[in-house]
>>> print(open('final-v1.cif').read())   # mmCIF, C-alpha atoms
data_structure
loop_
_atom_site.label_atom_id
_atom_site.label_comp_id
_atom_site.auth_asym_id
_atom_site.auth_seq_id
_atom_site.Cartn_x
_atom_site.Cartn_y
_atom_site.Cartn_z
CA MET A 27 -8.73 49.97 -11.21
CA ASN A 28 -7.93 50.02 -14.92
CA LYS A 29 -7.85 46.95 -17.19
CA LEU A 30 -4.03 46.73 -17.22
CA THR A 31 -3.80 46.77 -13.40
CA ALA A 32 -6.57 44.17 -13.13
CA LYS A 33 -4.80 41.94 -15.71
CA ASN A 34 -1.48 42.24 -13.83
CA SER A 35 -3.19 41.43 -10.53
CA LEU A 36 -4.84 38.37 -12.08
CA ASN A 37 -1.53 37.21 -13.57
CA SER A 38 0.20 37.65 -10.19
CA LEU A 39 -2.56 35.70 -8.48
CA LEU A 40 -2.31 32.88 -11.05
CA LYS A 41 1.48 32.74 -10.65
CA MET A 42 1.13 32.54 -6.85
CA PHE A 43 -1.44 29.76 -7.21
CA ALA A 44 0.80 27.84 -9.62
CA LEU A 45 3.80 28.24 -7.28
CA THR A 46 1.75 27.13 -4.27
CA PHE A 47 0.41 24.11 -6.16
CA SER A 48 3.91 23.19 -7.39
CA LEU A 49 5.30 23.44 -3.86
CA PHE A 50 2.46 21.27 -2.52
CA TYR A 51 3.12 18.69 -5.26
CA VAL A 52 6.86 18.61 -4.49
CA LEU A 53 6.22 18.24 -0.75
CA SER A 54 3.67 15.48 -1.38
CA SER A 55 6.12 13.69 -3.66
CA MET A 56 8.85 14.02 -1.05
CA ALA A 57 6.54 12.60 1.61
CA ALA A 58 5.65 9.66 -0.65
CA GLN A 59 9.37 9.07 -1.20
CA ASN A 60 9.74 8.66 2.57
CA ILE A 61 7.83 5.38 2.30
CA ASP A 62 9.75 2.36 1.04
CA VAL A 63 8.15 -0.98 0.29
CA SER A 64 10.26 -4.12 0.04
CA GLU A 65 9.84 -7.91 -0.02
CA ALA A 66 6.39 -7.48 -1.54
CA TYR A 67 4.48 -10.29 -3.20
CA VAL A 68 0.96 -11.60 -3.79
CA ARG A 69 0.06 -15.24 -3.26
CA ALA A 70 -1.10 -17.25 -6.24
CA THR A 71 -4.74 -18.26 -5.93
CA ILE A 72 -5.75 -21.74 -4.89
CA PRO A 73 -7.75 -23.37 -7.73
CA GLY A 74 -11.46 -22.67 -7.35
CA THR A 75 -11.04 -19.59 -5.12
CA LYS A 76 -11.39 -15.89 -5.88
CA ILE A 77 -9.28 -14.57 -3.00
CA SER A 78 -5.61 -13.99 -2.40
CA SER A 79 -3.36 -12.12 0.01
CA ALA A 80 -0.43 -9.73 -0.26
CA TYR A 81 2.58 -9.29 1.99
CA MET A 82 5.38 -6.72 2.24
CA THR A 83 7.57 -4.64 4.49
CA ILE A 84 6.69 -0.93 4.69
CA ALA A 85 9.39 1.45 5.96
CA ASN A 86 8.51 4.99 7.04
CA HIS A 87 11.57 7.25 6.82
CA SER A 88 9.66 10.43 7.67
CA ALA A 89 9.50 12.35 10.94
CA ASN A 90 5.75 11.63 11.23
CA ASP A 91 3.72 8.50 11.82
CA VAL A 92 1.54 7.50 8.86
CA LYS A 93 -1.37 5.14 8.52
CA LEU A 94 -2.10 2.85 5.62
CA VAL A 95 -5.84 3.45 5.19
CA ALA A 96 -6.70 1.77 1.88
CA VAL A 97 -5.40 -0.25 -1.02
CA LYS A 98 -6.69 -0.25 -4.57
CA GLY A 99 -5.91 -2.23 -7.67
CA ALA A 100 -7.42 -3.15 -11.01
CA ILE A 101 -7.48 -6.84 -10.06
CA SER A 102 -10.16 -6.35 -7.42
CA ASP A 103 -12.83 -3.94 -6.24
CA ARG A 104 -12.27 -5.11 -2.66
CA ILE A 105 -8.84 -5.09 -1.03
CA GLU A 106 -8.80 -4.94 2.77
CA ILE A 107 -6.20 -4.61 5.51
CA HIS A 108 -6.44 -7.64 7.82
CA GLU A 109 -4.84 -8.93 10.99
CA HIS A 110 -4.45 -12.46 12.36
CA THR A 111 -4.75 -12.72 16.14
CA MET A 112 -4.80 -15.55 18.65
CA ALA A 113 -7.92 -15.66 20.85
CA ASP A 114 -8.83 -18.56 23.12
CA GLY A 115 -6.25 -20.77 21.42
CA MET A 116 -7.74 -20.09 17.98
CA MET A 117 -6.25 -18.08 15.14
CA LYS A 118 -8.74 -15.43 14.00
CA MET A 119 -8.62 -12.99 11.14
CA ARG A 120 -10.29 -9.59 11.20
CA GLN A 121 -10.37 -6.48 9.06
CA VAL A 122 -8.70 -3.34 10.47
CA GLU A 123 -9.47 0.22 9.38
CA SER A 124 -5.83 1.27 9.14
CA LEU A 125 -2.30 0.16 9.83
CA LEU A 126 0.08 2.47 11.71
CA ILE A 127 3.63 2.80 10.41
CA LYS A 128 5.54 4.75 13.03
CA SER A 129 8.09 7.42 12.22
CA HIS A 130 11.49 5.96 11.30
CA ASP A 131 10.17 2.42 11.71
CA THR A 132 9.03 -0.54 9.63
CA THR A 133 5.86 -2.60 9.66
CA VAL A 134 5.82 -6.11 8.25
CA LEU A 135 2.79 -7.58 6.52
CA GLN A 136 3.25 -11.35 6.71
CA PRO A 137 1.37 -14.64 7.01
CA SER A 138 -0.16 -15.00 10.49
CA GLY A 139 0.09 -11.24 11.05
CA TYR A 140 -1.00 -8.10 9.22
CA HIS A 141 -1.66 -8.65 5.53
CA LEU A 142 -3.81 -7.48 2.63
CA MET A 143 -6.80 -9.59 1.64
CA ILE A 144 -7.79 -9.42 -2.02
CA PHE A 145 -11.37 -10.51 -2.75
CA ASN A 146 -13.54 -10.92 -5.89
CA LEU A 147 -10.72 -11.78 -8.27
CA GLU A 148 -11.92 -12.03 -11.87
CA LYS A 149 -9.09 -14.35 -12.92
CA PRO A 150 -6.77 -16.70 -11.05
CA LEU A 151 -3.40 -15.27 -10.03
CA VAL A 152 -0.55 -17.45 -11.23
CA PRO A 153 3.17 -17.41 -10.51
CA GLU A 154 5.36 -15.36 -12.83
CA GLN A 155 2.70 -12.70 -13.37
CA THR A 156 2.69 -9.31 -11.63
CA VAL A 157 -0.07 -7.35 -9.94
CA LYS A 158 -0.32 -3.57 -9.60
CA LEU A 159 -1.55 -2.21 -6.27
CA THR A 160 -1.67 1.31 -4.85
CA LEU A 161 -1.20 1.89 -1.13
CA ILE A 162 -3.12 4.92 0.17
CA PHE A 163 -1.99 6.67 3.35
CA ASP A 164 -3.84 9.02 5.70
CA ASN A 165 -1.70 11.95 4.57
CA LYS A 166 -3.18 11.46 1.05
CA ASN A 167 0.08 10.02 -0.30
CA GLU A 168 -0.10 7.04 -2.60
CA VAL A 169 2.58 4.46 -3.34
CA GLU A 170 2.19 2.46 -6.54
CA LEU A 171 3.59 -1.06 -6.51
CA GLU A 172 4.06 -3.89 -8.96
CA LEU A 173 4.15 -7.14 -7.01
CA PRO A 174 5.17 -10.56 -8.26
CA VAL A 175 2.72 -13.42 -7.81
CA GLN A 176 4.32 -16.31 -5.93
CA SER A 177 3.07 -19.81 -5.22
CA ILE A 178 2.32 -20.87 -1.67
CA LYS A 179 4.78 -23.74 -2.14
CA LYS A 180 7.61 -21.31 -2.89
CA GLN A 181 6.82 -19.30 0.25
CA LYS A 182 6.74 -22.44 2.42
CA LYS A 183 10.09 -23.51 0.95
CA LYS A 184 11.57 -20.04 1.66
CA ALA A 185 10.30 -20.12 5.25
CA HIS A 186 11.72 -23.61 5.75
CA GLU A 187 15.13 -22.56 4.36
CA HIS A 188 15.12 -19.42 6.51
CA HIS A 189 14.84 -21.42 9.73
CA HIS A 190 18.01 -23.43 9.06
#
>>> encode(input="final-v1.cif", output="structure tokens")
Amino acid sequence: MNKLTAKNSLNSLLKMFALTFSLFYVLSSMAAQNIDVSEAYVRATIPGTKISSAYMTIANHSANDVKLVAVKGAISDRIEIHEHTMADGMMKMRQVESLLIKSHDTTVLQPSGYHLMIFNLEKPLVPEQTVKLTLIFDNKNEVELELPVQSIKKQKKKAHEHHH
């Protein structure tokens, strides 16, 4: 094989790699676009605590089930997926490894249900500020969010108004 043929073969290989990578990126972006997050917020911290929680509705518009497997954010080195359950007449909270969002369905993260627990906060979270979180799914897709911080009082008022 002469130098010119080898150079052309290398260029062809690089072009194929670039095309394959571009296609993978587009497909990954399309898959990430199949996830919609709405009604998202983070609770303001109670004075003297270093924990909070986040709530949202996650809609999966894709043909495949996906699992939320992790959450990351600059506000904390420890953000976990949790679930409240009733056992023996007592409300219990436990960490879960993942949260299934079925194909063409929605999953609601809400008080007394699934939610995100945010630990080790460096600074208190106060209303009117926003928090950036990244949801990480089992298909390696990530959804970046900017969530408003809301007071517990505002959420209780909303819930009370909703029931009337």
>>> residues_around(input="final-v1.cif", residues="segment 96-100 of chain A", least_positions_apart="6", cutoff="6 Å", atoms="all atoms listed in the file", output="PyMOL selection string")
chain A and resi 159-162
>>> atom_distance(input="final-v1.cif", atom1="atom CA of Leu142 of chain A", atom2="atom CA of Glu106 of chain A")
5.6 Å
>>> residues_around(input="final-v1.cif", residues="Thr71 of chain A", least_positions_apart="6", cutoff="12 Å", atoms="only C-alpha atoms", output="number ranges by chain")
A: 77-80, 143-153, 155, 175-179
>>> atom_distance(input="final-v1.cif", atom1="atom CA of Glu170 of chain A", atom2="atom CA of Ser138 of chain A")
24.5 Å
>>> resolve_selection(input="final-v1.cif", expression="the PyMOL selection byres ((chain A and resi 130) around 7)", output="count of residues only")
7
